[in-house]
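S.K.: I'm passing along final.cif; it holds mmCIF, C-alpha atoms and all ligand atoms.
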data_data
loop_
_atom_site.group_PDB
_atom_site.id
_atom_site.type_symbol
_atom_site.label_atom_id
_atom_site.label_comp_id
_atom_site.auth_asym_id
_atom_site.auth_seq_id
_atom_site.Cartn_x
_atom_site.Cartn_y
_atom_site.Cartn_z
ATOM 1 C CA MET A 1 34.166 -93.341 -71.057
ATOM 2 C CA THR A 2 31.479 -96.022 -71.265
ATOM 3 C CA ASP A 3 32.208 -98.894 -73.697
ATOM 4 C CA THR A 4 29.141 -99.036 -75.931
ATOM 5 C CA THR A 5 30.381 -101.979 -78.082
ATOM 6 C CA PRO A 6 27.588 -104.605 -78.185
ATOM 7 C CA ILE A 7 28.625 -107.657 -76.162
ATOM 8 C CA SER A 8 28.125 -109.879 -79.242
ATOM 9 C CA LEU A 9 30.844 -107.922 -81.146
ATOM 10 C CA LYS A 10 33.457 -107.739 -78.367
ATOM 11 C CA ASN A 11 35.180 -111.030 -79.160
ATOM 12 C CA THR A 12 34.620 -110.929 -82.922
ATOM 13 C CA PRO A 13 37.938 -111.379 -84.777
ATOM 14 C CA PRO A 14 38.705 -108.817 -87.525
ATOM 15 C CA PRO A 15 37.628 -109.973 -91.006
ATOM 16 C CA ALA A 16 40.204 -112.102 -92.811
ATOM 17 C CA ARG A 17 42.253 -110.170 -95.369
ATOM 18 C CA LEU A 18 43.425 -111.388 -98.767
ATOM 19 C CA TRP A 19 47.085 -111.396 -99.817
ATOM 20 C CA ALA A 20 48.887 -112.425 -102.993
ATOM 21 C CA LEU A 21 52.246 -114.200 -102.771
ATOM 22 C CA ILE A 22 54.332 -114.476 -105.936
ATOM 23 C CA PRO A 23 57.193 -117.006 -105.896
ATOM 24 C CA CYS A 24 59.760 -115.339 -108.163
ATOM 25 C CA ALA A 25 62.995 -117.012 -107.115
ATOM 26 C CA GLY A 26 63.377 -119.702 -109.775
ATOM 27 C CA THR A 27 66.162 -119.920 -112.331
ATOM 28 C CA GLY A 28 64.064 -120.976 -115.327
ATOM 29 C CA SER A 29 66.489 -123.736 -116.278
ATOM 30 C CA ARG A 30 64.081 -125.339 -118.790
ATOM 31 C CA SER A 31 63.460 -122.060 -120.611
ATOM 32 C CA GLY A 32 66.912 -121.746 -122.162
ATOM 33 C CA ALA A 33 66.942 -118.025 -121.272
ATOM 34 C CA SER A 34 70.230 -116.385 -120.299
ATOM 35 C CA GLY A 35 68.841 -115.245 -116.915
ATOM 36 C CA PRO A 36 65.785 -115.963 -114.736
ATOM 37 C CA LYS A 37 62.824 -116.288 -117.137
ATOM 38 C CA GLN A 38 60.535 -114.071 -115.018
ATOM 39 C CA TYR A 39 62.701 -111.052 -115.894
ATOM 40 C CA GLN A 40 62.895 -111.709 -119.664
ATOM 41 C CA SER A 41 61.166 -109.084 -121.767
ATOM 42 C CA VAL A 42 57.757 -110.196 -123.082
ATOM 43 C CA ALA A 43 55.567 -107.785 -125.079
ATOM 44 C CA GLY A 44 57.668 -104.807 -124.063
ATOM 45 C CA LYS A 45 58.326 -105.389 -120.374
ATOM 46 C CA PRO A 46 59.735 -107.972 -117.950
ATOM 47 C CA MET A 47 57.416 -110.966 -117.644
ATOM 48 C CA VAL A 48 56.812 -110.584 -113.904
ATOM 49 C CA LEU A 49 55.418 -107.068 -114.392
ATOM 50 C CA HIS A 50 52.652 -108.504 -116.613
ATOM 51 C CA THR A 51 51.991 -111.085 -113.876
ATOM 52 C CA LEU A 52 51.708 -108.404 -111.192
ATOM 53 C CA GLN A 53 49.259 -106.342 -113.273
ATOM 54 C CA ALA A 54 46.493 -108.926 -112.733
ATOM 55 C CA PHE A 55 46.765 -108.389 -108.961
ATOM 56 C CA ALA A 56 47.132 -104.581 -109.163
ATOM 57 C CA ASP A 57 43.634 -104.561 -110.682
ATOM 58 C CA VAL A 58 42.058 -106.369 -107.669
ATOM 59 C CA PRO A 59 41.333 -103.735 -104.984
ATOM 60 C CA ARG A 60 40.172 -106.221 -102.340
ATOM 61 C CA LEU A 61 43.745 -107.510 -101.899
ATOM 62 C CA ALA A 62 45.494 -106.169 -98.766
ATOM 63 C CA GLY A 63 48.897 -106.485 -100.449
ATOM 64 C CA VAL A 64 51.147 -108.398 -102.820
ATOM 65 C CA LEU A 65 54.406 -109.986 -101.658
ATOM 66 C CA VAL A 66 57.022 -111.067 -104.189
ATOM 67 C CA VAL A 67 59.575 -113.668 -103.059
ATOM 68 C CA VAL A 68 62.941 -113.253 -104.782
ATOM 69 C CA SER A 69 66.342 -114.863 -104.293
ATOM 70 C CA ALA A 70 68.883 -113.373 -101.905
ATOM 71 C CA GLY A 71 70.838 -110.667 -103.741
ATOM 72 C CA ASP A 72 68.163 -110.168 -106.441
ATOM 73 C CA THR A 73 67.982 -106.397 -107.019
ATOM 74 C CA PHE A 74 65.345 -106.359 -109.807
ATOM 75 C CA PHE A 75 62.631 -104.607 -107.756
ATOM 76 C CA GLU A 76 65.020 -101.893 -106.521
ATOM 77 C CA SER A 77 64.858 -100.215 -109.928
ATOM 78 C CA VAL A 78 61.169 -100.864 -110.615
ATOM 79 C CA ASN A 79 58.203 -98.796 -109.478
ATOM 80 C CA ALA A 80 55.795 -101.576 -108.425
ATOM 81 C CA PRO A 81 53.379 -101.341 -105.452
ATOM 82 C CA VAL A 82 54.529 -104.629 -103.895
ATOM 83 C CA LEU A 83 56.349 -105.907 -100.838
ATOM 84 C CA VAL A 84 59.566 -107.738 -101.705
ATOM 85 C CA ALA A 85 61.118 -110.468 -99.549
ATOM 86 C CA ALA A 86 64.545 -111.834 -100.507
ATOM 87 C CA CYS A 87 63.861 -115.206 -98.915
ATOM 88 C CA GLY A 88 63.650 -117.503 -101.946
ATOM 89 C CA GLY A 89 64.517 -121.134 -101.213
ATOM 90 C CA SER A 90 66.028 -123.956 -103.225
ATOM 91 C CA THR A 91 62.581 -125.254 -104.236
ATOM 92 C CA ARG A 92 59.301 -123.521 -105.079
ATOM 93 C CA ALA A 93 57.747 -124.979 -101.907
ATOM 94 C CA ALA A 94 60.546 -123.501 -99.783
ATOM 95 C CA SER A 95 60.132 -120.095 -101.451
ATOM 96 C CA VAL A 96 56.390 -120.159 -100.716
ATOM 97 C CA PHE A 97 56.899 -121.317 -97.123
ATOM 98 C CA ASN A 98 59.420 -118.527 -96.485
ATOM 99 C CA GLY A 99 57.113 -116.004 -98.151
ATOM 100 C CA LEU A 100 54.236 -117.000 -95.866
ATOM 101 C CA GLN A 101 56.492 -116.340 -92.876
ATOM 102 C CA ALA A 102 57.440 -112.947 -94.350
ATOM 103 C CA LEU A 103 53.726 -112.075 -94.640
ATOM 104 C CA LEU A 104 53.154 -113.036 -90.995
ATOM 105 C CA ASP A 105 56.186 -110.899 -90.035
ATOM 106 C CA GLN A 106 54.595 -107.988 -91.960
ATOM 107 C CA GLY A 107 51.428 -108.240 -89.852
ATOM 108 C CA ALA A 108 49.296 -110.734 -91.765
ATOM 109 C CA ASP A 109 47.139 -113.067 -89.676
ATOM 110 C CA ALA A 110 47.126 -116.870 -89.840
ATOM 111 C CA GLN A 111 43.401 -116.685 -90.665
ATOM 112 C CA ASP A 112 43.994 -114.413 -93.664
ATOM 113 C CA TRP A 113 43.716 -115.879 -97.155
ATOM 114 C CA VAL A 114 46.723 -116.059 -99.456
ATOM 115 C CA LEU A 115 46.673 -116.467 -103.243
ATOM 116 C CA VAL A 116 49.937 -118.067 -104.361
ATOM 117 C CA HIS A 117 50.719 -117.410 -108.019
ATOM 118 C CA ASP A 118 53.741 -118.265 -110.198
ATOM 119 C CA ALA A 119 55.678 -115.244 -111.469
ATOM 120 C CA ALA A 120 55.999 -117.281 -114.668
ATOM 121 C CA ARG A 121 52.223 -117.298 -115.367
ATOM 122 C CA CYS A 122 52.142 -113.861 -116.936
ATOM 123 C CA LEU A 123 48.804 -114.236 -118.760
ATOM 124 C CA LEU A 124 46.617 -114.311 -115.676
ATOM 125 C CA THR A 125 43.793 -111.750 -115.745
ATOM 126 C CA GLN A 126 42.061 -109.749 -113.018
ATOM 127 C CA GLN A 127 38.800 -111.528 -113.924
ATOM 128 C CA GLN A 128 40.378 -114.933 -113.219
ATOM 129 C CA VAL A 129 41.700 -113.729 -109.849
ATOM 130 C CA ASP A 130 38.257 -112.390 -108.908
ATOM 131 C CA HIS A 131 36.581 -115.622 -110.033
ATOM 132 C CA LEU A 132 38.899 -117.715 -107.832
ATOM 133 C CA ILE A 133 38.320 -115.438 -104.830
ATOM 134 C CA ASP A 134 34.536 -115.488 -105.283
ATOM 135 C CA GLN A 135 34.509 -119.303 -105.444
ATOM 136 C CA CYS A 136 36.928 -119.893 -102.550
ATOM 137 C CA LEU A 137 35.866 -117.265 -99.993
ATOM 138 C CA PRO A 138 32.766 -119.228 -98.906
ATOM 139 C CA ASP A 139 34.723 -122.506 -98.864
ATOM 140 C CA ALA A 140 36.173 -124.049 -95.712
ATOM 141 C CA VAL A 141 39.408 -125.172 -97.390
ATOM 142 C CA GLY A 142 40.127 -123.002 -100.438
ATOM 143 C CA GLY A 143 41.105 -124.069 -103.926
ATOM 144 C CA LEU A 144 42.918 -123.486 -107.169
ATOM 145 C CA LEU A 145 42.454 -122.568 -110.795
ATOM 146 C CA ALA A 146 42.725 -125.703 -112.924
ATOM 147 C CA LEU A 147 41.939 -126.911 -116.412
ATOM 148 C CA LYS A 148 40.193 -130.073 -117.610
ATOM 149 C CA LEU A 149 42.393 -132.093 -119.967
ATOM 150 C CA PRO A 150 41.605 -131.132 -123.572
ATOM 151 C CA ASP A 151 43.466 -134.095 -125.123
ATOM 152 C CA THR A 152 43.555 -137.881 -124.886
ATOM 153 C CA LEU A 153 45.964 -138.938 -122.148
ATOM 154 C CA LYS A 154 48.613 -141.620 -122.716
ATOM 155 C CA ARG A 155 50.815 -143.560 -120.330
ATOM 156 C CA GLU A 156 54.325 -144.195 -121.604
ATOM 157 C CA GLU A 157 56.866 -146.991 -121.192
ATOM 158 C CA GLY A 158 60.186 -146.797 -123.032
ATOM 159 C CA GLY A 159 58.962 -144.221 -125.530
ATOM 160 C CA ARG A 160 55.885 -146.251 -126.539
ATOM 161 C CA VAL A 161 52.247 -146.009 -125.526
ATOM 162 C CA ALA A 162 51.576 -148.379 -122.664
ATOM 163 C CA GLY A 163 47.932 -147.408 -122.264
ATOM 164 C CA THR A 164 45.277 -144.723 -122.547
ATOM 165 C CA VAL A 165 44.318 -143.160 -119.243
ATOM 166 C CA ASP A 166 40.724 -142.164 -118.446
ATOM 167 C CA ARG A 167 40.850 -138.361 -118.376
ATOM 168 C CA ALA A 168 37.291 -137.742 -117.163
ATOM 169 C CA ASP A 169 38.472 -136.903 -113.656
ATOM 170 C CA LYS A 170 41.878 -135.348 -114.534
ATOM 171 C CA TRP A 171 42.693 -131.653 -114.255
ATOM 172 C CA LEU A 172 45.857 -129.620 -114.879
ATOM 173 C CA ALA A 173 46.717 -127.559 -111.786
ATOM 174 C CA GLN A 174 47.293 -123.876 -112.406
ATOM 175 C CA THR A 175 47.785 -120.913 -110.102
ATOM 176 C CA PRO A 176 46.663 -118.858 -108.194
ATOM 177 C CA GLN A 177 45.974 -121.337 -105.414
ATOM 178 C CA MET A 178 44.079 -119.823 -102.473
ATOM 179 C CA PHE A 179 44.224 -121.081 -98.879
ATOM 180 C CA ARG A 180 44.242 -119.764 -95.310
ATOM 181 C CA LEU A 181 47.766 -118.573 -94.585
ATOM 182 C CA GLY A 182 48.326 -120.505 -91.334
ATOM 183 C CA ALA A 183 46.758 -123.695 -92.676
ATOM 184 C CA LEU A 184 48.951 -123.562 -95.778
ATOM 185 C CA GLN A 185 52.113 -122.950 -93.787
ATOM 186 C CA SER A 186 51.372 -125.934 -91.500
ATOM 187 C CA ALA A 187 50.574 -128.100 -94.524
ATOM 188 C CA LEU A 188 53.832 -127.174 -96.278
ATOM 189 C CA LEU A 189 55.759 -127.936 -93.097
ATOM 190 C CA ALA A 190 54.145 -131.386 -92.940
ATOM 191 C CA ALA A 191 54.415 -132.149 -96.659
ATOM 192 C CA GLY A 192 58.027 -131.053 -97.157
ATOM 193 C CA ASP A 193 59.890 -129.424 -100.031
ATOM 194 C CA ALA A 194 59.057 -131.989 -102.717
ATOM 195 C CA VAL A 195 55.457 -130.853 -103.302
ATOM 196 C CA THR A 196 55.123 -128.861 -106.514
ATOM 197 C CA ASP A 197 52.013 -126.866 -105.620
ATOM 198 C CA GLU A 198 50.079 -125.625 -102.588
ATOM 199 C CA SER A 199 47.159 -127.962 -103.238
ATOM 200 C CA SER A 200 49.494 -130.966 -102.896
ATOM 201 C CA ALA A 201 50.495 -129.754 -99.435
ATOM 202 C CA MET A 202 46.850 -129.331 -98.418
ATOM 203 C CA GLU A 203 46.051 -132.790 -99.847
ATOM 204 C CA TRP A 204 48.974 -134.188 -97.805
ATOM 205 C CA VAL A 205 47.206 -133.097 -94.607
ATOM 206 C CA GLY A 206 43.894 -134.596 -95.740
ATOM 207 C CA GLN A 207 42.135 -131.632 -97.353
ATOM 208 C CA ARG A 208 40.307 -131.665 -100.693
ATOM 209 C CA PRO A 209 40.759 -128.260 -102.340
ATOM 210 C CA LEU A 210 38.124 -126.839 -104.657
ATOM 211 C CA LEU A 211 38.813 -127.051 -108.414
ATOM 212 C CA VAL A 212 37.890 -123.759 -110.081
ATOM 213 C CA GLU A 213 37.798 -123.652 -113.895
ATOM 214 C CA GLY A 214 40.810 -121.692 -115.204
ATOM 215 C CA SER A 215 41.845 -120.865 -118.760
ATOM 216 C CA ALA A 216 44.212 -122.431 -121.283
ATOM 217 C CA GLN A 217 45.762 -118.974 -121.671
ATOM 218 C CA ASN A 218 46.910 -119.052 -118.042
ATOM 219 C CA PHE A 219 49.828 -121.342 -118.915
ATOM 220 C CA LYS A 220 53.216 -121.303 -117.212
ATOM 221 C CA VAL A 221 56.064 -120.048 -119.380
ATOM 222 C CA THR A 222 58.342 -123.049 -119.010
ATOM 223 C CA TYR A 223 60.058 -123.875 -122.338
ATOM 224 C CA ARG A 224 61.738 -121.672 -124.966
ATOM 225 C CA GLN A 225 58.728 -121.735 -127.331
ATOM 226 C CA ASP A 226 56.358 -120.508 -124.586
ATOM 227 C CA PHE A 227 57.788 -116.962 -124.735
ATOM 228 C CA ALA A 228 56.533 -116.405 -128.293
ATOM 229 C CA LEU A 229 53.032 -117.609 -127.442
ATOM 230 C CA ALA A 230 52.879 -115.391 -124.334
ATOM 231 C CA GLU A 231 54.117 -112.430 -126.390
ATOM 232 C CA ALA A 232 51.479 -112.993 -129.103
ATOM 233 C CA ILE A 233 48.605 -113.228 -126.613
ATOM 234 C CA LEU A 234 49.697 -110.161 -124.645
ATOM 235 C CA ARG A 235 50.108 -108.099 -127.830
ATOM 236 C CA ALA A 236 46.692 -109.235 -129.111
ATOM 237 C CA ARG A 237 45.093 -108.227 -125.799
ATOM 238 C CA THR A 238 46.696 -104.755 -125.997
ATOM 239 C CA LEU A 239 45.469 -104.342 -129.557
ATOM 240 C CA SER A 240 41.897 -105.335 -128.710
ATOM 241 C CA ALA A 241 41.917 -103.024 -125.666
ATOM 242 C CA THR A 242 42.995 -100.022 -127.756
ATOM 243 C CA SER A 243 40.840 -100.625 -130.849
HETATM 244 N N1 LIG B 1 63.223 -122.260 -105.878
HETATM 245 C C1 LIG B 1 62.213 -121.738 -106.556
HETATM 246 C C2 LIG B 1 61.745 -122.328 -107.763
HETATM 247 C C3 LIG B 1 60.699 -121.710 -108.453
HETATM 248 N N2 LIG B 1 60.178 -120.560 -107.979
HETATM 249 C C4 LIG B 1 59.119 -119.885 -108.740
HETATM 250 O O1 LIG B 1 58.025 -120.757 -108.898
HETATM 251 C C5 LIG B 1 57.364 -120.517 -110.127
HETATM 252 C C6 LIG B 1 57.088 -121.800 -110.892
HETATM 253 O O2 LIG B 1 58.295 -122.528 -111.041
HETATM 254 P P1 LIG B 1 58.898 -123.011 -112.440
HETATM 255 O O3 LIG B 1 58.148 -122.578 -113.574
HETATM 256 O O4 LIG B 1 59.239 -124.447 -112.293
HETATM 257 O O5 LIG B 1 60.182 -122.080 -112.478
HETATM 258 P P2 LIG B 1 61.696 -122.362 -112.403
HETATM 259 O O6 LIG B 1 62.026 -123.184 -111.197
HETATM 260 O O7 LIG B 1 62.275 -121.004 -112.496
HETATM 261 O O8 LIG B 1 61.966 -123.145 -113.752
HETATM 262 P P3 LIG B 1 62.782 -124.484 -114.017
HETATM 263 O O9 LIG B 1 62.096 -125.553 -113.203
HETATM 264 O O10 LIG B 1 62.693 -124.680 -115.471
HETATM 265 O O11 LIG B 1 64.201 -124.238 -113.537
HETATM 266 C C7 LIG B 1 58.236 -119.540 -110.933
HETATM 267 O O12 LIG B 1 57.613 -118.285 -110.955
HETATM 268 C C8 LIG B 1 59.535 -119.520 -110.156
HETATM 269 O O13 LIG B 1 60.207 -118.256 -110.188
HETATM 270 C C9 LIG B 1 60.625 -119.998 -106.791
HETATM 271 O O14 LIG B 1 60.135 -118.956 -106.369
HETATM 272 N N3 LIG B 1 61.641 -120.611 -106.103
HETATM 273 C C1 LIG B 2 52.432 -124.659 -109.188
HETATM 274 C C2 LIG B 2 52.375 -125.149 -110.613
HETATM 275 O O1 LIG B 2 52.408 -124.051 -111.502
HETATM 276 C C3 LIG B 2 51.055 -125.870 -110.808
HETATM 277 O O2 LIG B 2 50.967 -126.376 -112.098
HETATM 278 C C4 LIG B 2 53.536 -126.052 -110.959
HETATM 279 O O3 LIG B 2 53.463 -127.237 -110.254
HETATM 280 C C5 LIG B 2 54.880 -125.374 -110.709
HETATM 281 O O4 LIG B 2 55.825 -125.800 -111.631
HETATM 282 P P1 LIG B 2 56.936 -126.903 -111.409
HETATM 283 O O5 LIG B 2 57.524 -127.084 -112.761
HETATM 284 O O6 LIG B 2 56.252 -128.135 -110.923
HETATM 285 O O7 LIG B 2 57.857 -126.301 -110.417
#
Spit out the file's structure as structure tokens when you get a sec.
Ligand SMILES: Nc1ccn([C@@H]2O[C@H](COP(=O)(O)OP(=O)(O)OP(=O)(O)O)[C@@H](O)[C@H]2O)c(=O)n1
Ligand SMILES: C[C@](O)(CO)[C@H](O)COP(=O)(O)O
M.R.:
Amino acid sequence: MTDTTPISLKNTPPPARLWALIPCAGTGSRSGASGPKQYQSVAGKPMVLHTLQAFADVPRLAGVLVVVSAGDTFFESVNAPVLVAACGGSTRAASVFNGLQALLDQGADAQDWVLVHDAARCLLTQQQVDHLIDQCLPDAVGGLLALKLPDTLKREEGGRVAGTVDRADKWLAQTPQMFRLGALQSALLAAGDAVTDESSAMEWVGQRPLLVEGSAQNFKVTYRQDFALAEAILRARTLSATS
């Protein structure tokens, strides 16, 4: 049969897909919870299931991969449309690196985009995910949700104020953080396990990720008191959606 594909399309790579990767292999040591904080019940269900809902509502994602610790059986008894990889590492960076490899093993392409999001940020909304994607897709590097500092910033020495820091150019890094899968994996390999977010790895290799305005509600449940705030916001959202 004659190949009628126009010559200009023959070597065109397939369009890049979008994936979400959820590092979910932490222990939550600062939270004071009796088990991993991402599985604690918040507003009627385990925290990570609220987190995953924001991605379930974004149809342009090719898939969602959750990285759990070896031996973690949580997702075996849960009906969630996600891929699960039991390749969590000893640091968040290692969990993300291993998860990127799991995505490549599942057929993702190095040119695909990946949105890395903490399981412990359970207040993320579909609108915030879409906003990040819309801002980053046309960008050469990618970027992250982040928040301008709302308060005056102090530097401390020995429990006393040693100075007031200019906050005009300071942002709090949130997640998701969206980069090309292969570029992020190479950056993490170069930067090592000590980096605490994906942007830091990209910065390490000389990139300048895009800062995309996030929301104060997209906080990371870290300390004991954060559970109550997350619960209150989630319950208020349910109430306003049903009234
Ligand atoms: N080795 C690790 C450490 C963290 N995480 C995940 O990365 C996210 C952000 O990490 P953080 O809030 O610091 O979680 P923990 O490491 O669980 O908490 P802590 O530092 O208090 O022990 C969480 O969703 C956590 O499950 C991970 O997948 N693998
Ligand atoms: C990735 C992150 O959520 C950005 O703020 C954060 O760095 C992860 O938390 P950690 O406490 O630094 O592990």
S.K.: Stretch 118-123 of chain A: which residues within 8 Å, counting all atoms listed in the file, same-chain residues fewer than 2 positions away excluded, as a PyMOL selection string?
M.R.: chain A and resi 22-24+37-38+47-52+116+125+175-176+217-222+230+233-234
S.K.: List all protein, DNA and RNA residues that have any atom at most 6 Å from ligand LIG 2 (chain B), counting only C-alpha atoms and all ligand atoms, and write the list as a PyMOL selection string.
M.R.: chain A and resi 173-175+196-197
S.K.: So, with all atoms listed in the file as the atoms that count, which of A:Thr12, A:Thr27, A:Gln111, A:Ser41 lies closest to ligand LIG 1 (chain B)?
M.R.: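 Among the listed residues, the smallest separation from ligand LIG 1 (chain B) belongs to A:Thr27.
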S.K.: With distances taken over all atoms listed in the file, which residue among A:Pro13, A:Pro150, A:Gly35, A:Gly88 lies nearest ligand LIG 1 (chain B)?
M.R.: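 For ligand LIG 1 (chain B), the nearest of the candidates is A:Gly88.
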S.K.: Taking all atoms of ligand LIG 1 (chain B) that the file lists, what box with edges along x, y and z, padded by 4 Å per side, do you get, with centre and edge lengths in Å to one decimal, as JSON?
M.R.:
{"center_x": 60.6, "center_y": -121.9, "center_z": -110.7, "size_x": 15.1, "size_y": 15.3, "size_z": 17.6}
